[in-house]
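Everything below belongs to final.csv, which stores CSV, C-alpha atoms.
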chain,number,residue,atom,x,y,z
J,26,MET,CA,-6.6,-7.2,-4.3
J,27,GLY,CA,-8.2,-9.7,-1.9
J,28,ARG,CA,-10.1,-8.4,1.0
J,29,PHE,CA,-8.0,-8.3,3.6
J,30,GLY,CA,-7.7,-8.0,5.1
J,31,MET,CA,-6.9,-10.8,9.9
J,32,VAL,CA,-6.8,-15.8,21.5
J,33,LEU,CA,-8.4,-16.7,24.3
J,34,VAL,CA,-5.9,-18.7,26.4
J,35,LEU,CA,-6.8,-22.2,25.2
J,36,ALA,CA,-5.5,-25.6,26.0
J,37,LEU,CA,-1.7,-26.0,25.9
J,38,CYS,CA,-1.8,-28.6,23.2
J,39,LEU,CA,-4.4,-29.1,20.5
J,40,THR,CA,-4.8,-31.7,17.9
J,41,ILE,CA,-5.8,-29.9,14.7
J,42,SER,CA,-7.7,-31.5,11.9
J,43,VAL,CA,-6.9,-30.1,8.5
J,44,PHE,CA,-7.9,-30.9,5.0
J,45,PRO,CA,-10.0,-34.0,4.1
J,46,ASP,CA,-6.8,-36.2,3.8
J,47,THR,CA,-7.0,-36.4,7.6
J,48,THR,CA,-3.5,-35.1,8.0
J,49,THR,CA,-3.0,-33.8,11.5
J,50,ALA,CA,-0.6,-31.6,13.2
J,51,GLN,CA,-0.1,-30.5,16.8
J,52,LEU,CA,0.2,-26.9,17.9
J,53,SER,CA,1.2,-25.8,21.4
J,54,ARG,CA,2.3,-22.6,23.0
J,55,GLY,CA,5.6,-24.2,24.2
J,56,PHE,CA,6.5,-26.0,20.9
J,57,TYR,CA,10.0,-24.4,20.8
J,58,SER,CA,10.6,-24.3,24.5
J,59,LYS,CA,13.6,-26.7,24.2
J,60,THR,CA,14.8,-26.1,20.6
J,61,CYS,CA,14.5,-22.2,20.5
J,62,PRO,CA,13.3,-20.9,23.9
J,63,ASN,CA,13.7,-17.3,23.0
J,64,VAL,CA,11.8,-17.5,19.7
J,65,GLU,CA,9.1,-15.1,20.7
J,66,GLN,CA,11.5,-12.4,21.9
J,67,ILE,CA,13.7,-12.7,18.9
J,68,VAL,CA,10.7,-12.3,16.5
J,69,ARG,CA,9.3,-9.5,18.6
J,70,ASN,CA,12.6,-7.6,18.5
J,71,ALA,CA,12.7,-7.9,14.7
J,72,VAL,CA,9.1,-6.8,14.4
J,73,GLN,CA,9.6,-3.7,16.6
J,74,LYS,CA,12.7,-2.7,14.6
J,75,LYS,CA,10.8,-3.0,11.3
J,76,VAL,CA,7.8,-1.1,12.6
J,77,ARG,CA,10.1,1.7,13.7
J,78,GLN,CA,11.3,1.9,10.1
J,79,THR,CA,7.8,1.9,8.5
J,80,PHE,CA,4.2,1.8,9.9
J,81,VAL,CA,3.2,-0.1,6.7
J,82,THR,CA,4.7,-3.2,8.3
J,83,ILE,CA,1.7,-3.5,10.6
J,84,PRO,CA,-1.2,-3.7,8.1
J,85,ALA,CA,1.1,-5.5,5.6
J,86,THR,CA,1.9,-8.3,8.0
J,87,LEU,CA,-1.7,-8.7,9.2
J,88,ARG,CA,-2.9,-8.9,5.6
J,89,LEU,CA,-0.1,-11.3,4.6
J,90,PHE,CA,-1.1,-13.7,7.4
J,91,PHE,CA,-4.8,-13.7,6.3
J,92,HIS,CA,-3.9,-14.3,2.6
J,93,ASP,CA,-1.6,-17.1,3.6
J,94,CYS,CA,-4.0,-18.9,5.8
J,95,PHE,CA,-7.0,-18.7,3.4
J,96,VAL,CA,-5.1,-20.4,0.6
J,97,ASN,CA,-3.7,-23.9,1.4
J,98,GLY,CA,-3.7,-23.1,5.2
J,99,CYS,CA,-1.2,-21.3,7.4
J,100,ASP,CA,2.0,-22.6,5.9
J,101,ALA,CA,3.8,-19.6,4.5
J,102,SER,CA,3.1,-20.7,1.0
J,103,VAL,CA,2.2,-17.1,0.1
J,104,MET,CA,5.9,-16.2,0.5
J,105,ILE,CA,7.3,-18.6,-2.1
J,106,GLN,CA,8.8,-16.9,-5.2
J,107,SER,CA,7.6,-18.0,-8.6
J,108,THR,CA,10.0,-19.9,-10.8
J,109,PRO,CA,10.1,-20.4,-14.6
J,110,THR,CA,8.1,-23.6,-14.2
J,111,ASN,CA,5.7,-22.5,-11.4
J,112,LYS,CA,3.6,-19.3,-10.9
J,113,ALA,CA,3.3,-19.0,-7.1
J,114,GLU,CA,0.5,-17.7,-4.9
J,115,LYS,CA,2.1,-14.3,-4.4
J,116,ASP,CA,1.8,-13.6,-8.2
J,117,HIS,CA,-1.9,-14.1,-8.4
J,118,PRO,CA,-3.7,-10.8,-9.0
J,119,ASP,CA,-5.4,-11.0,-5.6
J,120,ASN,CA,-1.9,-11.0,-4.0
J,121,ILE,CA,0.1,-8.7,-6.2
J,122,SER,CA,-0.8,-5.7,-3.9
J,123,LEU,CA,0.5,-7.4,-0.8
J,124,ALA,CA,3.0,-4.9,0.6
J,125,GLY,CA,6.7,-5.9,0.6
J,126,ASP,CA,7.1,-4.9,4.3
J,127,GLY,CA,5.0,-7.9,5.4
J,128,PHE,CA,7.3,-10.3,3.6
J,129,ASP,CA,10.4,-8.4,4.8
J,130,VAL,CA,9.5,-8.5,8.5
J,131,VAL,CA,9.3,-12.4,8.3
J,132,ILE,CA,12.6,-12.5,6.4
J,133,GLN,CA,14.3,-10.2,9.0
J,134,ALA,CA,13.0,-12.3,11.9
J,135,LYS,CA,14.2,-15.5,10.1
J,136,LYS,CA,17.7,-13.9,9.8
J,137,ALA,CA,17.7,-13.0,13.5
J,138,LEU,CA,16.6,-16.5,14.5
J,139,ASP,CA,19.2,-18.1,12.3
J,140,ALA,CA,21.9,-16.0,13.9
J,141,ASN,CA,21.1,-17.8,17.1
J,142,PRO,CA,22.9,-21.2,17.1
J,143,ARG,CA,20.1,-22.9,19.1
J,144,CYS,CA,17.4,-21.6,16.7
J,145,LYS,CA,19.0,-21.9,13.3
J,146,ASN,CA,16.8,-23.7,10.9
J,147,LYS,CA,14.5,-24.8,13.7
J,148,VAL,CA,11.6,-22.3,13.4
J,149,SER,CA,9.2,-22.5,10.4
J,150,CYS,CA,8.4,-19.4,8.3
J,151,ALA,CA,4.7,-20.1,9.0
J,152,ASP,CA,5.3,-19.8,12.8
J,153,ILE,CA,7.4,-16.7,12.3
J,154,LEU,CA,4.6,-15.1,10.3
J,155,THR,CA,2.0,-16.1,12.9
J,156,LEU,CA,4.1,-14.6,15.8
J,157,ALA,CA,4.9,-11.4,13.8
J,158,THR,CA,1.2,-10.9,13.1
J,159,ARG,CA,0.4,-11.0,16.8
J,160,ASP,CA,3.3,-8.6,17.5
J,161,VAL,CA,2.1,-6.0,14.8
J,162,VAL,CA,-1.4,-6.1,16.3
J,163,VAL,CA,0.1,-5.3,19.7
J,164,ALA,CA,2.3,-2.6,18.2
J,165,ALA,CA,-0.8,-0.9,16.8
J,166,GLY,CA,-2.5,-0.9,20.3
J,167,GLY,CA,-4.5,-4.1,19.8
J,168,PRO,CA,-4.8,-7.0,22.2
J,169,SER,CA,-1.9,-9.3,23.0
J,170,TYR,CA,-2.5,-13.1,23.0
J,171,GLU,CA,-0.8,-16.4,23.3
J,172,VAL,CA,0.2,-17.9,20.0
J,173,GLU,CA,0.0,-21.6,19.3
J,174,LEU,CA,3.2,-22.9,17.4
J,175,GLY,CA,4.3,-26.0,15.6
J,176,ARG,CA,3.3,-25.3,12.0
J,177,PHE,CA,5.5,-26.6,9.2
J,178,ASP,CA,6.0,-24.8,5.9
J,179,GLY,CA,4.0,-25.9,2.9
J,180,LEU,CA,5.4,-27.7,-0.1
J,181,VAL,CA,3.0,-26.3,-2.7
J,182,SER,CA,2.4,-22.7,-3.8
J,183,THR,CA,0.4,-22.1,-7.0
J,184,ALA,CA,-1.3,-19.0,-8.3
J,185,SER,CA,-4.3,-21.1,-9.4
J,186,SER,CA,-5.0,-22.2,-5.8
J,187,VAL,CA,-5.8,-18.6,-4.9
J,188,GLU,CA,-8.7,-18.3,-7.3
J,189,GLY,CA,-12.0,-17.9,-5.4
J,190,ASN,CA,-10.5,-18.4,-2.0
J,191,LEU,CA,-10.1,-14.8,-0.8
J,192,PRO,CA,-12.9,-12.3,0.0
J,193,GLY,CA,-13.4,-9.5,-2.5
J,194,PRO,CA,-14.3,-5.8,-1.8
J,195,SER,CA,-17.8,-6.2,-3.3
J,196,ASP,CA,-18.8,-9.4,-1.5
J,197,ASN,CA,-22.0,-9.6,0.4
J,198,VAL,CA,-22.6,-11.4,3.7
J,199,ASP,CA,-23.7,-14.6,2.1
J,200,LYS,CA,-20.4,-14.9,0.1
J,201,LEU,CA,-18.3,-13.8,3.1
J,202,ASN,CA,-19.9,-16.4,5.3
J,203,ALA,CA,-19.4,-19.1,2.7
J,204,LEU,CA,-15.7,-18.3,2.3
J,205,PHE,CA,-15.1,-18.2,6.1
J,206,LYS,CA,-17.1,-21.4,6.7
J,207,LYS,CA,-14.8,-23.3,4.3
J,208,ASN,CA,-12.1,-22.5,6.9
J,209,LYS,CA,-14.3,-23.5,9.9
J,210,LEU,CA,-14.8,-19.8,10.8
J,211,THR,CA,-18.2,-18.5,11.9
J,212,GLN,CA,-20.0,-15.3,11.0
J,213,GLU,CA,-18.7,-13.7,14.2
J,214,ASP,CA,-15.2,-14.7,13.3
J,215,MET,CA,-15.7,-13.1,9.9
J,216,ILE,CA,-16.9,-9.8,11.4
J,217,ALA,CA,-14.0,-9.8,13.9
J,218,LEU,CA,-11.4,-10.4,11.2
J,219,SER,CA,-12.9,-7.9,8.9
J,220,ALA,CA,-12.1,-5.3,11.5
J,221,ALA,CA,-8.5,-5.7,10.6
J,222,HIS,CA,-9.5,-3.0,8.2
J,223,THR,CA,-9.2,-0.6,11.1
J,224,LEU,CA,-5.5,-0.5,9.9
J,225,GLY,CA,-3.8,0.3,6.7
J,226,PHE,CA,-4.9,1.4,3.3
J,227,ALA,CA,-6.5,0.4,0.0
J,228,HIS,CA,-6.2,1.7,-3.5
J,229,CYS,CA,-8.5,4.0,-5.3
J,230,GLY,CA,-9.2,1.5,-8.0
J,231,LYS,CA,-11.1,-0.6,-5.5
J,232,VAL,CA,-13.6,2.1,-4.7
J,233,PHE,CA,-14.2,3.9,-8.0
J,234,LYS,CA,-17.4,1.9,-8.7
J,235,ARG,CA,-18.9,2.9,-5.3
J,236,ILE,CA,-18.3,6.7,-5.8
J,237,TYR,CA,-18.7,7.2,-9.6
J,238,ASN,CA,-20.6,4.5,-11.3
J,239,PHE,CA,-22.5,2.5,-8.7
J,240,ASN,CA,-25.6,1.5,-10.8
J,241,GLY,CA,-28.2,2.8,-13.3
J,242,ILE,CA,-30.0,4.8,-10.6
J,243,ASN,CA,-27.3,6.0,-8.3
J,244,SER,CA,-23.8,7.2,-9.4
J,245,VAL,CA,-22.7,6.9,-5.7
J,246,ASP,CA,-23.5,4.0,-3.5
J,247,PRO,CA,-26.4,5.2,-1.3
J,248,SER,CA,-25.1,3.2,1.7
J,249,LEU,CA,-22.1,5.6,1.7
J,250,ASN,CA,-22.1,8.5,4.1
J,251,LYS,CA,-22.6,11.5,1.8
J,252,ALA,CA,-19.8,13.6,3.3
J,253,TYR,CA,-17.5,10.6,3.3
J,254,ALA,CA,-18.3,9.9,-0.4
J,255,ILE,CA,-17.2,13.5,-1.2
J,256,GLU,CA,-14.0,13.0,0.7
J,257,LEU,CA,-13.3,9.8,-1.3
J,258,GLN,CA,-14.0,11.6,-4.5
J,259,LYS,CA,-11.5,14.3,-3.6
J,260,ALA,CA,-8.9,11.6,-2.7
J,261,CYS,CA,-9.7,9.6,-5.8
J,262,PRO,CA,-10.6,11.8,-8.7
J,263,LYS,CA,-11.9,10.0,-11.7
J,264,ASN,CA,-8.7,10.1,-13.7
J,265,VAL,CA,-6.3,9.5,-10.8
J,266,ASP,CA,-3.8,6.6,-10.8
J,267,PRO,CA,-5.9,3.7,-9.5
J,268,ARG,CA,-2.9,2.7,-7.3
J,269,ILE,CA,-3.2,5.8,-5.2
J,270,ALA,CA,-3.6,4.8,-1.5
J,271,ILE,CA,-6.4,5.8,0.8
J,272,ASN,CA,-6.9,4.9,4.4
J,273,MET,CA,-9.2,2.0,5.2
J,274,ASP,CA,-10.3,3.7,8.5
J,275,PRO,CA,-10.8,7.5,7.9
J,276,VAL,CA,-10.7,8.2,11.6
J,277,THR,CA,-7.9,6.2,13.3
J,278,PRO,CA,-6.0,4.5,10.5
J,279,LYS,CA,-2.9,3.7,12.6
J,280,THR,CA,-4.6,2.3,15.7
J,281,PHE,CA,-6.1,-1.1,16.2
J,282,ASP,CA,-9.5,-0.3,17.8
J,283,ASN,CA,-13.2,-0.7,17.4
J,284,THR,CA,-13.6,2.6,15.4
J,285,TYR,CA,-14.1,0.3,12.4
J,286,PHE,CA,-17.5,-0.6,13.7
J,287,LYS,CA,-18.4,3.0,14.6
J,288,ASN,CA,-17.5,3.9,11.1
J,289,LEU,CA,-19.9,1.3,9.7
J,290,GLN,CA,-22.7,2.7,11.8
J,291,GLN,CA,-22.1,6.1,10.1
J,292,GLY,CA,-21.8,4.7,6.5
J,293,LYS,CA,-18.1,5.0,6.4
J,294,GLY,CA,-17.1,1.5,5.5
J,295,LEU,CA,-14.6,1.8,2.6
J,296,PHE,CA,-15.5,-1.4,0.7
J,297,THR,CA,-19.0,-2.7,0.0
J,298,SER,CA,-17.9,-5.8,1.9
J,299,ASP,CA,-17.3,-3.7,5.0
J,300,GLN,CA,-20.5,-1.7,4.9
J,301,VAL,CA,-22.7,-4.7,4.3
J,302,LEU,CA,-21.8,-5.9,7.8
J,303,PHE,CA,-24.0,-3.0,9.0
J,304,THR,CA,-26.6,-2.9,6.3
J,305,ASP,CA,-27.3,-6.7,6.6
J,306,GLY,CA,-29.6,-7.4,9.5
J,307,ARG,CA,-27.8,-10.7,10.3
J,308,SER,CA,-24.5,-9.0,11.1
J,309,ARG,CA,-25.7,-5.6,12.3
J,310,PRO,CA,-26.3,-6.6,15.9
J,311,THR,CA,-22.6,-7.7,16.2
J,312,VAL,CA,-21.4,-4.5,14.6
J,313,ASN,CA,-23.5,-2.5,17.1
J,314,ALA,CA,-22.3,-4.6,20.0
J,315,TRP,CA,-18.6,-4.2,19.2
J,316,ALA,CA,-19.0,-0.5,18.4
J,317,SER,CA,-20.0,0.1,22.0
J,318,ASN,CA,-17.7,-2.5,23.6
J,319,SER,CA,-14.1,-2.7,22.7
J,320,THR,CA,-13.3,-5.3,25.2
J,321,ALA,CA,-15.8,-7.7,23.7
J,322,PHE,CA,-14.4,-7.0,20.2
J,323,ASN,CA,-10.9,-7.6,21.3
J,324,ARG,CA,-11.9,-10.9,22.8
J,325,ALA,CA,-13.7,-12.0,19.7
J,326,PHE,CA,-10.7,-10.9,17.5
J,327,VAL,CA,-8.3,-13.0,19.6
J,328,THR,CA,-10.6,-16.0,19.3
J,329,ALA,CA,-10.9,-15.6,15.5
J,330,MET,CA,-7.2,-15.1,15.0
J,331,THR,CA,-6.4,-18.3,17.0
J,332,LYS,CA,-8.9,-20.3,14.9
J,333,LEU,CA,-7.5,-18.7,11.7
J,334,GLY,CA,-4.0,-19.8,12.8
J,335,ARG,CA,-5.2,-23.4,12.9
J,336,VAL,CA,-6.4,-23.6,9.3
J,337,GLY,CA,-4.6,-26.1,7.1
J,338,VAL,CA,-1.6,-26.6,9.5
J,339,LYS,CA,1.1,-28.8,8.0
J,340,ASN,CA,3.3,-31.3,9.9
J,341,SER,CA,6.6,-33.1,9.1
J,342,ARG,CA,4.9,-35.4,6.7
J,343,ASN,CA,3.4,-32.8,4.4
J,344,GLY,CA,5.7,-29.8,5.2
J,345,ASN,CA,9.2,-28.8,6.1
J,346,ILE,CA,11.2,-26.1,7.8
J,347,ARG,CA,12.4,-23.8,5.1
J,348,ARG,CA,15.9,-22.4,5.2
J,349,ASP,CA,14.7,-19.7,2.9
J,350,CYS,CA,11.2,-18.5,3.4
J,351,GLY,CA,10.9,-17.6,-0.3
J,352,ALA,CA,12.0,-21.1,-1.6
J,353,PHE,CA,11.1,-24.7,-1.2
J,354,ASN,CA,14.1,-25.9,0.8
Translate the structure described by the file into structure tokens.
Amino acid sequence: MGRFGMVLVLALCLTISVFPDTTTAQLSRGFYSKTCPNVEQIVRNAVQKKVRQTFVTIPATLRLFFHDCFVNGCDASVMIQSTPTNKAEKDHPDNISLAGDGFDVVIQAKKALDANPRCKNKVSCADILTLATRDVVVAAGGPSYEVELGRFDGLVSTASSVEGNLPGPSDNVDKLNALFKKNKLTQEDMIALSAAHTLGFAHCGKVFKRIYNFNGINSVDPSLNKAYAIELQKACPKNVDPRIAINMDPVTPKTFDNTYFKNLQQGKGLFTSDQVLFTDGRSRPTVNAWASNSTAFNRAFVTAMTKLGRVGVKNSRNGNIRRDCGAFN
């Protein structure tokens, strides 16, 4: 499972540089103002309906967006189904655990858009996912923000392209910073996006090592709060199914807030890659600042999400508008 995982009101139109081939694309808040003026409301209605059905939609969509953008850019390539001749991104081991509700909310929003004659086959799956991600953050009590639009859907999706491009639960700050830097994201962006772990769940199999077999000296990771470690051992006994789910945030798992940082201060980061943000002196000041200032955190999260949404954007020359989000068409 990849570490999941993640806008200031900026200029109305931005020229975005993407991969080294100098392909460019333009994003703007009003991209669909003439072709599908109600796009945001249509997507929002679909998201709200899905969230009423299951809360899992919220963390699932947020994580899906992150996993999409970090591999080949924000182009909905993570949604493509594998075929007999191509193993797609979604079937890489780091993506197998992506919850189906994240995929489904995009599919439902796509159906709603296609039911509108003005919008049919006009809105990319990549833009639908980006809008849905903002809407699930808001549904969980997080900040609302303007979303830049104009992405085209990718034409390539391979499992091999995922390898080494997603953060892992045992990563240290150096590795996290390196992965985020590849996508033109700063350490501050990395810390802000890591706080998406204020929502959702992980699986016992990803924490066994921290609570039972940490190293030759300590069976339990000493950076873990002792009482929290005992709670984790109760939730994840040694012989339990490793797929059993546990909350990422033991305090407010259904609310988007800055409790994530308060948890880190108390040794209650579920993954090593969460807790290192506090134990490492380079990132600790930011954790402390955002633990005491939710407004500053929300502002940083919005900035980071906007920057993430610009990664690897495709245009009409190297992308398309899919009729089916799960297929190249």
For the contact check between region 316-353 of chain J and region 77-89 of chain J, emit one row per residue of region 316-353 of chain J within 12 Å, containing the shortest atom pair and the distance in Å rounded to one decimal, counting only C-alpha atoms, chain then rising number order, as a Markdown table.
| residue | atom | partner | partner_atom | distance |
| --- | --- | --- | --- | --- |
| J:Met330 | CA | J:Leu87 | CA | 10.2 |
| J:Leu333 | CA | J:Leu87 | CA | 11.8 |
| J:Gly334 | CA | J:Leu87 | CA | 11.9 |
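Here the question is which of J:Thr60, J:Ser248, J:Asn323, J:Thr328 gets nearest to Gln290 (chain J) using all atoms listed in the file, and that residue is J:Ser248.
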Which residue, J:Phe128, J:Phe303, J:Tyr237, J:Phe322, has the smallest gap to Phe281 (chain J) when you use all atoms listed in the file?
->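 Using all atoms listed in the file, Phe281 (chain J) sits closest to J:Phe322.
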For Ala134 (chain J), the nearest of the candidates J:Leu52, J:Ser58, J:Met273, J:Asp349, counting only C-alpha atoms = J:Asp349
Determine the nearest neighbour of Gly225 (chain J) from the options J:Ala151, J:Leu174, J:Val276, J:Leu156, counting all atoms listed in the file.
->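 Of J:Ala151, J:Leu174, J:Val276, J:Leu156, the one nearest Gly225 (chain J), counting all atoms listed in the file, is J:Val276.
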What gap, in Å, lies between CA of Pro194 (chain J) and CA of Val96 (chain J)?
->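 According to the coordinates, CA of Pro194 (chain J) and CA of Val96 (chain J) are separated by 17.4 Å.
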With distances taken over only C-alpha atoms, which of J:Leu210, J:Ile255, J:Leu180, J:Leu289 is nearest to Asn354 (chain J)?
-> J:Leu180
Within 10 Å of Tyr253 (chain J), counting all atoms listed in the file, which residues show up once you throw out same-chain ones fewer than 5 positions away? Write them as a list of chain:residue names, please.
->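 Once the adjacent positions are removed, what remains is J:Ile236, J:Gln258, J:Lys259, J:Pro275, J:Gln291, J:Gly292, J:Lys293, J:Gly294, J:Leu295.
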Store the residues of this selection in a file with C-alpha atoms, as a short mmCIF file (atom, residue, chain, number, x, y, z; two decimals), in the coordinates of the input.
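Here's the written file result13.cif:
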data_model
loop_
_atom_site.label_atom_id
_atom_site.label_comp_id
_atom_site.auth_asym_id
_atom_site.auth_seq_id
_atom_site.Cartn_x
_atom_site.Cartn_y
_atom_site.Cartn_z
CA ILE J 236 -18.30 6.70 -5.80
CA GLN J 258 -14.00 11.60 -4.50
CA LYS J 259 -11.50 14.30 -3.60
CA PRO J 275 -10.80 7.50 7.90
CA GLN J 291 -22.10 6.10 10.10
CA GLY J 292 -21.80 4.70 6.50
CA LYS J 293 -18.10 5.00 6.40
CA GLY J 294 -17.10 1.50 5.50
CA LEU J 295 -14.60 1.80 2.60
#
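Closest to Val312 (chain J) among J:Val232, J:Cys350, J:Asn343, J:Ala217 is J:Ala217, based on all atoms listed in the file.
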Quick one: distance from CA of Asp196 (chain J) to CA of Phe226 (chain J) in Å, one decimal?
-> 18.2 Å
So which residues touch region 141-150 of chain J within 10 Å, counting all atoms listed in the file, skipping near sequence neighbours fewer than 6 positions away, as a PDB file with C-alpha atoms, in the coordinates of the input?
ATOM      1  CA  PHE J  56       6.500 -26.000  20.900  1.00  0.00           C
ATOM      2  CA  TYR J  57      10.000 -24.400  20.800  1.00  0.00           C
ATOM      3  CA  LYS J  59      13.600 -26.700  24.200  1.00  0.00           C
ATOM      4  CA  THR J  60      14.800 -26.100  20.600  1.00  0.00           C
ATOM      5  CA  CYS J  61      14.500 -22.200  20.500  1.00  0.00           C
ATOM      6  CA  PRO J  62      13.300 -20.900  23.900  1.00  0.00           C
ATOM      7  CA  ASN J  63      13.700 -17.300  23.000  1.00  0.00           C
ATOM      8  CA  VAL J  64      11.800 -17.500  19.700  1.00  0.00           C
ATOM      9  CA  ILE J  67      13.700 -12.700  18.900  1.00  0.00           C
ATOM     10  CA  CYS J  99      -1.200 -21.300   7.400  1.00  0.00           C
ATOM     11  CA  ASP J 100       2.000 -22.600   5.900  1.00  0.00           C
ATOM     12  CA  ALA J 101       3.800 -19.600   4.500  1.00  0.00           C
ATOM     13  CA  SER J 102       3.100 -20.700   1.000  1.00  0.00           C
ATOM     14  CA  MET J 104       5.900 -16.200   0.500  1.00  0.00           C
ATOM     15  CA  VAL J 131       9.300 -12.400   8.300  1.00  0.00           C
ATOM     16  CA  ILE J 132      12.600 -12.500   6.400  1.00  0.00           C
ATOM     17  CA  ALA J 134      13.000 -12.300  11.900  1.00  0.00           C
ATOM     18  CA  LYS J 135      14.200 -15.500  10.100  1.00  0.00           C
ATOM     19  CA  LEU J 156       4.100 -14.600  15.800  1.00  0.00           C
ATOM     20  CA  LEU J 174       3.200 -22.900  17.400  1.00  0.00           C
ATOM     21  CA  GLY J 175       4.300 -26.000  15.600  1.00  0.00           C
ATOM     22  CA  ARG J 176       3.300 -25.300  12.000  1.00  0.00           C
ATOM     23  CA  PHE J 177       5.500 -26.600   9.200  1.00  0.00           C
ATOM     24  CA  ASP J 178       6.000 -24.800   5.900  1.00  0.00           C
ATOM     25  CA  GLY J 179       4.000 -25.900   2.900  1.00  0.00           C
ATOM     26  CA  GLY J 344       5.700 -29.800   5.200  1.00  0.00           C
ATOM     27  CA  ASN J 345       9.200 -28.800   6.100  1.00  0.00           C
ATOM     28  CA  ILE J 346      11.200 -26.100   7.800  1.00  0.00           C
ATOM     29  CA  ARG J 347      12.400 -23.800   5.100  1.00  0.00           C
ATOM     30  CA  ARG J 348      15.900 -22.400   5.200  1.00  0.00           C
ATOM     31  CA  ASP J 349      14.700 -19.700   2.900  1.00  0.00           C
ATOM     32  CA  CYS J 350      11.200 -18.500   3.400  1.00  0.00           C
ATOM     33  CA  GLY J 351      10.900 -17.600  -0.300  1.00  0.00           C
TER      34      GLY J 351
END
Between CA of Asp129 (chain J) and CA of Lys75 (chain J), distance in Å (one decimal) =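 Computing it gives 8.5 Å between the two atoms.
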Shell of 9 Å around Thr183 (chain J), all atoms listed in the file, local chain residues under 5 positions omitted, as a ChimeraX atom specification = /J:102-103,107,111-117
Which protein, DNA or RNA residues have an atom at most 10 Å from (10.5, -8.6, 17.0), counting all atoms listed in the file? List them as a short mmCIF file (atom, residue, chain, number, x, y, z; two decimals) with C-alpha atoms, in the coordinates of the input.
data_model
loop_
_atom_site.label_atom_id
_atom_site.label_comp_id
_atom_site.auth_asym_id
_atom_site.auth_seq_id
_atom_site.Cartn_x
_atom_site.Cartn_y
_atom_site.Cartn_z
CA VAL J 64 11.80 -17.50 19.70
CA GLU J 65 9.10 -15.10 20.70
CA GLN J 66 11.50 -12.40 21.90
CA ILE J 67 13.70 -12.70 18.90
CA VAL J 68 10.70 -12.30 16.50
CA ARG J 69 9.30 -9.50 18.60
CA ASN J 70 12.60 -7.60 18.50
CA ALA J 71 12.70 -7.90 14.70
CA VAL J 72 9.10 -6.80 14.40
CA GLN J 73 9.60 -3.70 16.60
CA LYS J 74 12.70 -2.70 14.60
CA LYS J 75 10.80 -3.00 11.30
CA VAL J 76 7.80 -1.10 12.60
CA VAL J 130 9.50 -8.50 8.50
CA VAL J 131 9.30 -12.40 8.30
CA GLN J 133 14.30 -10.20 9.00
CA ALA J 134 13.00 -12.30 11.90
CA ALA J 137 17.70 -13.00 13.50
CA ILE J 153 7.40 -16.70 12.30
CA LEU J 156 4.10 -14.60 15.80
CA ALA J 157 4.90 -11.40 13.80
CA ASP J 160 3.30 -8.60 17.50
CA VAL J 161 2.10 -6.00 14.80
#
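Near region 314-319 of chain J, within a cut-off of 10 Å and counting all atoms listed in the file, sit the residues Ile216, Ala217, Asp282, Asn283, Thr284, Tyr285, Phe286, Lys287, Asn288, Leu289, Gln290, Arg309, Pro310, Thr311, Phe322, Asn323, Arg324 and Ala325 of chain J, with same-chain residues fewer than 3 positions away left out.
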Within 12 Å of Pro118 (chain J), counting only C-alpha atoms, which residues qualify if same-chain residues fewer than 3 places away don't, as a PDB file with C-alpha atoms, keeping the file's coordinate frame?
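Dumped to selection-v7.pdb:
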ATOM      1  CA  MET J  26      -6.600  -7.200  -4.300  1.00  0.00           C
ATOM      2  CA  GLY J  27      -8.200  -9.700  -1.900  1.00  0.00           C
ATOM      3  CA  LYS J 112       3.600 -19.300 -10.900  1.00  0.00           C
ATOM      4  CA  ALA J 113       3.300 -19.000  -7.100  1.00  0.00           C
ATOM      5  CA  GLU J 114       0.500 -17.700  -4.900  1.00  0.00           C
ATOM      6  CA  LYS J 115       2.100 -14.300  -4.400  1.00  0.00           C
ATOM      7  CA  ILE J 121       0.100  -8.700  -6.200  1.00  0.00           C
ATOM      8  CA  SER J 122      -0.800  -5.700  -3.900  1.00  0.00           C
ATOM      9  CA  LEU J 123       0.500  -7.400  -0.800  1.00  0.00           C
ATOM     10  CA  ALA J 184      -1.300 -19.000  -8.300  1.00  0.00           C
ATOM     11  CA  SER J 185      -4.300 -21.100  -9.400  1.00  0.00           C
ATOM     12  CA  SER J 186      -5.000 -22.200  -5.800  1.00  0.00           C
ATOM     13  CA  VAL J 187      -5.800 -18.600  -4.900  1.00  0.00           C
ATOM     14  CA  GLU J 188      -8.700 -18.300  -7.300  1.00  0.00           C
ATOM     15  CA  GLY J 189     -12.000 -17.900  -5.400  1.00  0.00           C
ATOM     16  CA  LEU J 191     -10.100 -14.800  -0.800  1.00  0.00           C
ATOM     17  CA  GLY J 193     -13.400  -9.500  -2.500  1.00  0.00           C
TER      18      GLY J 193
END
